[in-house]
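**Q** data26.txt is the file, holding compact mmCIF, C-alpha atoms:
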```txt
# COMPACT_ATOMS: atom_id res chain seq x y z
CA MET A 1 -16.82 22.41 22.30
CA ASP A 2 -20.44 22.45 21.12
CA SER A 3 -21.85 19.37 19.43
CA ALA A 4 -22.14 20.88 15.94
CA ARG A 5 -18.46 21.81 16.05
CA GLU A 6 -17.57 18.39 17.39
CA ARG A 7 -19.50 16.63 14.66
CA LEU A 8 -17.77 18.67 11.96
CA LEU A 9 -14.37 18.05 13.49
CA ARG A 10 -15.07 14.32 13.52
CA GLU A 11 -15.79 14.45 9.80
CA VAL A 12 -12.44 16.16 9.28
CA MET A 13 -10.76 13.52 11.47
CA ALA A 14 -12.39 10.72 9.49
CA ALA A 15 -11.43 12.22 6.11
CA ASP A 16 -7.85 12.79 7.26
CA PHE A 17 -7.62 9.29 8.71
CA THR A 18 -8.55 7.80 5.34
CA LEU A 19 -5.70 9.79 3.83
CA ILE A 20 -3.24 8.56 6.47
CA GLU A 21 -4.23 4.96 5.80
CA LEU A 22 -3.83 5.39 2.04
CA ASN A 23 -0.52 7.21 2.62
CA LEU A 24 0.91 4.28 4.58
CA TYR A 25 -0.44 1.77 2.04
CA LEU A 26 1.05 3.69 -0.88
CA ASN A 27 4.45 3.92 0.83
CA THR A 28 4.79 0.17 0.24
CA HIS A 29 2.62 0.03 -2.91
CA PRO A 30 3.90 3.03 -4.90
CA TYR A 31 2.72 1.64 -8.25
CA ASP A 32 -0.90 1.04 -7.20
CA GLN A 33 -2.63 3.45 -9.60
CA ARG A 34 -6.09 2.69 -8.25
CA ALA A 35 -5.02 3.56 -4.71
CA ILE A 36 -3.46 6.80 -5.93
CA THR A 37 -6.68 7.75 -7.72
CA ILE A 38 -8.69 7.09 -4.55
CA PHE A 39 -6.17 9.06 -2.50
CA ASN A 40 -6.40 12.07 -4.84
CA GLU A 41 -10.21 12.00 -4.69
CA CYS A 42 -10.27 11.71 -0.90
CA LEU A 43 -7.78 14.55 -0.69
CA GLN A 44 -10.21 16.94 -2.42
CA LYS A 45 -13.01 16.00 -0.02
CA ALA A 46 -10.76 16.29 3.01
CA LYS A 47 -9.50 19.72 1.93
CA ALA A 48 -13.08 21.00 1.50
CA LEU A 49 -14.12 19.68 4.92
CA ARG A 50 -11.06 21.20 6.54
CA GLN A 51 -11.49 24.58 4.89
CA ASN A 52 -15.11 24.66 5.99
CA TYR A 53 -14.19 23.77 9.57
CA GLU A 54 -11.44 26.41 9.69
CA ARG A 55 -13.74 29.06 8.27
CA LEU A 56 -16.27 28.41 11.05
CA TYR A 57 -14.09 27.53 14.03
CA GLY A 58 -10.53 28.66 13.47
CA PRO A 59 -7.17 27.20 12.49
CA ILE A 60 -6.17 23.53 12.46
CA THR A 61 -2.56 24.48 11.65
CA PRO A 62 -0.83 27.78 12.48
CA MET A 63 -0.23 28.44 8.77
CA THR A 64 -3.60 29.99 8.03
CA PRO A 65 -4.71 33.62 7.97
CA SER A 66 -5.76 34.98 11.37
CA LYS A 67 -7.94 37.70 12.78
CA CYS A 68 -6.81 39.71 15.83
CA PRO A 69 -6.17 38.45 18.52
CA TRP A 70 -4.03 35.60 17.16
CA GLN A 71 -6.47 32.73 16.68
CA TRP A 72 -4.03 29.84 16.82
CA ILE A 73 -3.73 29.96 20.63
CA GLU A 74 -7.48 29.72 21.24
CA ASP A 75 -8.91 26.95 23.36
CA PRO A 76 -9.86 24.20 23.19
CA TRP A 77 -6.61 22.38 22.55
CA PRO A 78 -7.09 18.76 21.48
CA TRP A 79 -6.51 17.24 24.93
CA GLN A 80 -9.05 19.49 26.69
CA MET B 1 10.11 18.74 9.66
CA TRP B 2 6.81 18.46 11.43
CA VAL B 3 3.51 20.25 11.14
CA TYR B 4 1.13 20.12 14.08
CA GLU B 5 -2.60 19.79 13.51
CA LYS B 6 -4.87 20.99 16.28
CA LYS B 7 -6.92 17.82 16.46
CA LEU B 8 -6.41 14.31 17.77
CA GLU B 9 -6.15 11.48 15.27
CA TYR B 10 -9.04 9.83 17.17
CA PRO B 11 -11.45 11.64 19.51
CA VAL B 12 -11.05 11.29 23.29
CA ARG B 13 -13.86 12.45 25.55
CA ILE B 14 -13.75 10.83 28.94
CA LYS B 15 -16.62 11.74 31.27
CA ASN B 16 -15.58 9.83 34.40
CA ARG B 17 -12.24 10.40 36.07
CA ASN B 18 -10.32 7.30 37.13
CA PRO B 19 -6.76 7.69 38.43
CA ARG B 20 -6.42 3.94 38.97
CA LEU B 21 -6.73 3.35 35.23
CA ALA B 22 -4.43 6.28 34.48
CA LYS B 23 -1.67 4.57 36.42
CA TYR B 24 -1.74 1.65 33.98
CA ILE B 25 -2.52 3.49 30.76
CA ILE B 26 0.46 5.81 31.23
CA THR B 27 2.65 2.86 30.31
CA GLN B 28 1.73 3.47 26.68
CA TYR B 29 3.07 6.99 27.10
CA GLY B 30 6.46 6.30 28.73
CA GLY B 31 6.75 2.54 29.04
CA PRO B 32 8.88 0.04 27.09
CA ASP B 33 6.29 -0.74 24.43
CA GLY B 34 4.59 2.64 24.38
CA GLU B 35 4.16 5.34 21.80
CA LEU B 36 7.23 7.36 22.80
CA SER B 37 9.42 4.30 22.27
CA ALA B 38 7.72 3.65 18.95
CA SER B 39 8.12 7.22 17.64
CA LEU B 40 11.76 7.61 18.61
CA ARG B 41 12.65 4.13 17.40
CA TYR B 42 11.15 4.61 13.95
CA LEU B 43 12.21 8.24 13.53
CA SER B 44 15.78 7.27 14.45
CA GLN B 45 15.91 4.15 12.28
CA ARG B 46 14.65 5.97 9.19
CA PHE B 47 18.05 7.61 8.58
CA SER B 48 19.73 4.32 7.74
CA MET B 49 17.02 2.63 5.68
CA PRO B 50 18.23 1.60 2.21
CA THR B 51 15.11 2.05 0.06
CA GLU B 52 12.59 4.85 -0.50
CA GLU B 53 9.68 2.68 0.55
CA ALA B 54 11.34 1.87 3.89
CA ARG B 55 12.37 5.48 4.49
CA ALA B 56 8.83 6.66 3.88
CA THR B 57 7.32 3.89 6.01
CA LEU B 58 9.59 4.55 8.99
CA ASN B 59 9.09 8.29 8.63
CA ASP B 60 5.32 8.23 8.39
CA ILE B 61 4.62 5.54 10.97
CA GLY B 62 7.03 7.33 13.35
CA THR B 63 5.02 10.48 12.77
CA GLU B 64 1.72 8.71 13.41
CA GLU B 65 3.14 7.34 16.68
CA LEU B 66 3.63 10.91 17.89
CA ALA B 67 -0.10 11.41 17.28
CA HIS B 68 -0.75 8.28 19.33
CA LEU B 69 1.51 9.60 22.11
CA GLU B 70 -0.75 12.61 22.18
CA ILE B 71 -3.88 10.43 22.46
CA VAL B 72 -2.44 8.44 25.37
CA GLY B 73 -1.39 11.64 27.14
CA THR B 74 -4.89 13.00 26.62
CA ILE B 75 -6.49 9.87 28.11
CA VAL B 76 -4.28 10.06 31.22
CA HIS B 77 -4.92 13.81 31.50
CA GLN B 78 -8.69 13.42 31.30
CA LEU B 79 -8.67 10.53 33.79
CA THR B 80 -6.84 12.56 36.45
CA ARG B 81 -7.78 16.18 35.79
CA GLY B 82 -8.87 17.89 39.00
CA VAL B 83 -8.69 14.74 41.13
CA PRO B 84 -7.85 15.74 44.73
CA ALA B 85 -4.51 14.66 46.21
CA ASP B 86 -6.00 12.24 48.74
CA VAL B 87 -7.95 10.44 46.02
CA MET B 88 -4.82 10.25 43.84
CA GLU B 89 -3.04 8.62 46.77
CA ARG B 90 -5.88 6.23 47.54
CA GLU B 91 -6.03 5.12 43.90
CA GLY B 92 -2.30 4.30 43.73
CA LEU B 93 -0.93 7.55 42.24
CA GLY B 94 0.50 8.99 45.48
CA ALA B 95 4.13 8.65 44.42
CA TYR B 96 3.37 10.03 40.96
CA TYR B 97 1.45 12.97 42.41
CA ALA B 98 4.31 13.79 44.80
CA ASP B 99 6.71 14.32 41.88
CA HIS B 100 4.39 15.39 39.10
CA ASP B 101 1.12 16.72 40.52
CA HIS B 102 -1.36 16.34 37.66
CA ALA B 103 1.29 16.63 34.96
CA ILE B 104 1.94 14.04 32.28
CA TYR B 105 5.40 12.49 32.64
CA PRO B 106 6.81 9.63 30.59
CA LEU B 107 7.12 6.54 32.73
CA SER B 108 5.91 2.94 32.75
CA ALA B 109 3.04 1.47 34.77
CA ALA B 110 5.66 0.39 37.32
CA GLY B 111 6.98 3.95 37.61
CA THR B 112 10.22 3.48 35.64
CA PRO B 113 11.09 6.66 33.72
CA TRP B 114 11.37 6.30 29.96
CA THR B 115 14.81 5.31 28.72
CA ALA B 116 16.43 4.94 25.30
CA ALA B 117 17.33 1.42 26.44
CA TYR B 118 13.77 0.59 25.31
CA ILE B 119 14.73 1.14 21.69
CA GLN B 120 17.40 0.08 19.24
CA SER B 121 18.48 1.69 16.00
CA LYS B 122 20.88 -0.90 14.69
CA GLY B 123 21.61 0.39 11.20
CA ASP B 124 21.08 -3.08 9.80
CA PRO B 125 17.76 -2.74 7.99
CA ILE B 126 16.71 -6.38 8.55
CA ALA B 127 17.43 -6.16 12.28
CA ASP B 128 15.69 -2.81 12.55
CA LEU B 129 12.56 -3.92 10.69
CA MET B 130 12.36 -7.15 12.72
CA GLU B 131 12.55 -5.04 15.88
CA ASP B 132 9.76 -2.85 14.52
CA LEU B 133 7.57 -5.90 13.85
CA ALA B 134 8.18 -7.08 17.42
CA ALA B 135 7.49 -3.60 18.78
CA GLU B 136 4.09 -3.50 17.07
CA GLN B 137 3.17 -6.88 18.54
CA LYS B 138 4.25 -5.80 22.01
CA ALA B 139 2.22 -2.63 21.73
CA ARG B 140 -0.81 -4.59 20.51
CA ALA B 141 -0.46 -7.01 23.43
CA THR B 142 -0.17 -4.14 25.90
CA TYR B 143 -3.35 -2.52 24.59
CA GLU B 144 -5.08 -5.87 24.99
CA ASN B 145 -3.88 -6.07 28.60
CA LEU B 146 -5.22 -2.58 29.21
CA LEU B 147 -8.54 -3.42 27.54
CA ASN B 148 -8.78 -6.41 29.90
CA MET B 149 -8.71 -3.95 32.80
CA VAL B 150 -11.00 -1.22 31.48
CA ASP B 151 -14.81 -1.18 31.49
CA ASP B 152 -15.46 2.49 30.70
CA PRO B 153 -16.47 2.72 26.99
CA ASP B 154 -15.07 6.27 26.74
CA VAL B 155 -11.65 4.81 27.54
CA ARG B 156 -12.10 1.54 25.62
CA GLU B 157 -12.83 3.23 22.29
CA PRO B 158 -9.51 5.05 21.86
CA LEU B 159 -7.61 2.01 23.23
CA LYS B 160 -9.29 -0.23 20.64
CA PHE B 161 -8.36 2.28 17.92
CA LEU B 162 -4.73 2.33 19.03
CA ARG B 163 -4.62 -1.47 19.17
CA GLN B 164 -5.95 -1.77 15.62
CA ARG B 165 -3.33 0.72 14.41
CA GLU B 166 -0.59 -1.58 15.71
CA ILE B 167 -1.92 -4.38 13.54
CA VAL B 168 -1.86 -2.16 10.45
CA HIS B 169 1.64 -0.92 11.29
CA PHE B 170 2.83 -4.51 11.61
CA GLN B 171 1.58 -5.18 8.09
CA ARG B 172 3.41 -2.12 6.71
CA PHE B 173 6.70 -3.01 8.39
CA GLY B 174 6.28 -6.53 7.03
CA GLU B 175 5.89 -5.12 3.53
CA ALA B 176 8.87 -2.80 4.01
CA LEU B 177 10.90 -5.84 5.08
CA ARG B 178 9.85 -7.71 1.93
CA ILE B 179 10.93 -4.77 -0.22
CA VAL B 180 14.25 -4.33 1.56
CA GLU B 181 15.00 -8.07 1.36
CA GLU B 182 14.26 -8.15 -2.36
CA LYS B 183 16.41 -5.13 -3.09
CA LEU B 184 19.31 -6.27 -0.92
CA ALA B 185 19.31 -9.61 -2.71
CA GLN B 186 19.57 -8.01 -6.15
CA LYS B 187 23.24 -7.97 -7.06
CA LYS B 188 22.85 -5.04 -9.41
CA PHE B 189 21.22 -2.76 -6.79
CA TYR B 190 23.91 -0.85 -4.94
CA ILE B 191 23.06 0.01 -1.36
CA LYS B 192 25.13 2.96 -0.09
CA SER B 193 26.37 1.15 2.97
CA PRO B 194 30.18 1.08 3.16
CA GLY B 195 30.13 -1.35 6.08
CA TYR B 196 28.19 -3.87 4.02
CA LEU B 197 30.48 -3.54 1.00
CA ASN B 198 33.56 -4.03 3.17
CA LYS B 199 32.15 -7.15 4.78
CA ASN B 200 31.07 -8.80 1.51
CA PRO B 201 33.53 -7.94 -1.30
CA GLU B 202 31.99 -8.80 -4.67
CA MET C 1 22.01 -13.48 5.16
CA ASP C 2 23.62 -14.84 1.96
CA MET C 3 24.20 -11.74 -0.14
CA LYS C 4 25.86 -13.60 -3.02
CA LYS C 5 22.91 -15.82 -3.97
CA PRO C 6 21.49 -14.69 -7.33
CA LEU C 7 17.90 -13.54 -7.06
CA ASN C 8 15.20 -15.23 -9.09
CA PRO C 9 14.50 -12.55 -11.76
CA MET C 10 10.78 -13.24 -11.51
CA ALA C 11 10.79 -12.46 -7.80
CA VAL C 12 10.77 -8.69 -8.09
CA ALA C 13 8.13 -6.92 -10.13
CA PRO C 14 8.33 -3.25 -9.21
CA HIS C 15 4.67 -2.68 -10.00
CA SER C 16 3.29 -5.43 -7.82
CA PHE C 17 4.72 -7.66 -5.18
CA PRO C 18 3.17 -11.13 -5.09
CA ALA C 19 1.47 -12.02 -1.81
CA TRP C 20 4.20 -14.59 -1.18
CA PRO C 21 7.80 -14.60 -2.48
CA PRO C 22 8.37 -17.25 -5.20
CA SER C 23 11.63 -18.43 -3.60
CA PRO C 24 11.50 -17.95 0.17
CA MET C 25 14.88 -18.36 1.83
CA LEU C 26 15.69 -20.17 5.05
CA ALA C 27 16.39 -17.93 8.04
CA HIS C 28 14.24 -15.15 6.59
CA ALA C 29 10.85 -13.93 7.73
CA TYR C 30 8.07 -12.95 5.33
CA VAL C 31 4.81 -11.09 5.78
CA PRO C 32 2.33 -11.52 2.91
CA PHE C 33 1.80 -8.43 0.77
CA GLN C 34 -1.60 -6.81 1.06
CA HIS C 35 -3.55 -6.09 -2.11
CA MET C 36 -6.14 -3.41 -1.59
CA GLY C 37 -9.77 -4.35 -2.30
CA ASN C 38 -12.66 -2.19 -1.17
CA ILE C 39 -12.27 0.24 1.70
CA PHE C 40 -14.56 1.35 4.54
CA ASN C 41 -16.08 4.82 4.27
CA PRO C 42 -14.25 7.47 6.33
CA MET C 43 -16.46 7.42 9.46
CA GLU C 44 -16.53 3.65 9.60
CA GLY C 45 -12.78 3.49 8.96
CA LEU C 46 -12.03 5.89 11.79
CA SER C 47 -14.24 4.06 14.27
CA LYS C 48 -12.71 0.70 13.33
CA GLY C 49 -9.12 1.95 13.29
CA THR C 50 -8.47 0.96 9.67
CA ILE C 51 -10.05 1.53 6.25
CA PHE C 52 -9.08 -1.99 5.10
CA PRO C 53 -11.57 -4.78 5.88
CA GLU C 54 -8.83 -7.40 5.41
CA LEU C 55 -6.77 -5.79 8.21
CA TYR C 56 -9.67 -5.28 10.64
CA ARG C 57 -9.10 -7.55 13.66
CA PRO C 58 -11.42 -6.57 16.50
CA TYR C 59 -10.28 -7.67 19.94
CA GLY C 60 -12.14 -10.61 21.37
CA VAL C 61 -13.49 -11.82 18.03
CA ASP C 62 -10.53 -13.27 16.11
CA PRO C 63 -9.04 -16.14 18.15
CA GLU C 64 -5.57 -15.23 16.93
CA TYR C 65 -5.90 -11.88 18.64
CA THR C 66 -7.72 -12.97 21.78
CA VAL C 67 -6.04 -13.65 25.10
CA ASP C 68 -8.50 -16.28 26.30
CA ALA C 69 -8.93 -18.17 23.03
```
Represent the structure from my file as structure tokens, please.
**A**
Amino acid sequence: MDSARERLLREVMAADFTLIELNLYLNTHPYDQRAITIFNECLQKAKALRQNYERLYGPITPMTPSKCPWQWIEDPWPWQ
Amino acid sequence: MWVYEKKLEYPVRIKNRNPRLAKYIITQYGGPDGELSASLRYLSQRFSMPTEEARATLNDIGTEELAHLEIVGTIVHQLTRGVPADVMEREGLGAYYADHDHAIYPLSAAGTPWTAAYIQSKGDPIADLMEDLAAEQKARATYENLLNMVDDPDVREPLKFLRQREIVHFQRFGEALRIVEEKLAQKKFYIKSPGYLNKNPE
Amino acid sequence: MDMKKPLNPMAVAPHSFPAWPPSPMLAHAYVPFQHMGNIFNPMEGLSKGTIFPELYRPYGVDPEYTVDA
């Protein structure tokens, strides 16, 4: 994986991690309006980063449009 | 159901192979306090949780533990990838190599295959959440033991991440316990648990 | 667990749990409730393993979380 791709993927990881943390927090603090507002804002940023990454480098989940051959199977897989 | 995302939760890029470390780190894949135990424990317990907050917490932490399982597997894979058989043997992975080559197989540092005896799903929400709190502490302690044995920063970084996650998970289970305790103590809140109603007729 | 004991009506506010329960019971364990303050930015949060400064406990720094304290 080249370094530009890696850097972009790290930004996606970081944005998604923030969402996971807020998700777990909100599961036990469902009435925290401020946290929900922050979550919704972070979600927009994370979606934009993800869409940009997928446009350049291919799918993060299988449920995205594909060219031929089927892009989902392409290396690298996350453990490589 | 589950959706898979083609990225790790935390990046793992190990430059130097080290089968000796892999032998110990694999315990967080298939050992008693590892990520497989955590995921199956929480994903099994979630069915019998009595409040939405607890159901969500068990569900989502259980899901995150699967992502951690993947990270640990990746670390072990990158530490052993392409290592010749004689080096595997010299570094203590001879028995593992004989049965598994360079595959990832769930067992403990001592070589015990994973077993459901490592987990409980009691159905009693207080017992289950207390077990979950203990599990997070055991996992944290194990990561600290591993960090005490690892110098390579490429390996230390993901281990430190995973250790910090256990601390956060402990906090969430503690909050879920608070919520469950409060709701169980409210007489007007009916928990759909026939066993409980039979034991304590109102 | 004594299921018949009436709960202090002030103990449960659905919109915010107090850090500590007003009437803790014997033979029960309690973890204080977190109240979110500021959060780390995404890159910092990922590298630390949490976005919450109050939950950040690096190994070797906090004596509570250090083997050789």
**Q** Of the candidates C:Pro32, C:Pro22, C:Ser16, C:Leu55, which shows the shortest atom-to-atom distance to chain A, using only C-alpha atoms?
**A**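 For chain A, the nearest of the given residues is C:Ser16.
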**Q** Between C:Met36, C:Asn41, C:Glu54, C:Val31, which has the minimum distance to chain B (counting only C-alpha atoms)?
**A**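 Closest residue, counting only C-alpha atoms: C:Val31.
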**Q** Output as a PyMOL selection string the set of chain A residues within 9 Å of chain B, with distances taken over all atoms listed in the file.
**A** chain A and resi 9-10+13-14+16-17+20-21+23-30+59-62+72+77-80
**Q** Could you tell me which residues of chain C sit within 9 Å of chain A when counting only C-alpha atoms, and give me the result as a ChimeraX atom specification?
**A** /C:14-17,34-36,40-47,49-52
**Q** Point out the residue among B:Ile126, B:Tyr97, B:Val155, B:Tyr24 with the least atom-to-atom distance to chain C, counting all atoms listed in the file.
**A** B:Ile126
**Q** Identify the residues around (3.5, 6.9, 21.7) within a radius of 9 Å, measuring from only C-alpha atoms in the coordinates stated by the file, and give them as a list in words.
**A**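 Returned residue set, sorted by chain then number, is Gln28, Tyr29, Gly30, Asp33, Gly34, Glu35, Leu36, Ser37, Ala38, Ser39, Leu40, Glu64, Glu65, Leu66, Ala67, His68, Leu69, Glu70, Ile71, Val72 and Gly73 of chain B.
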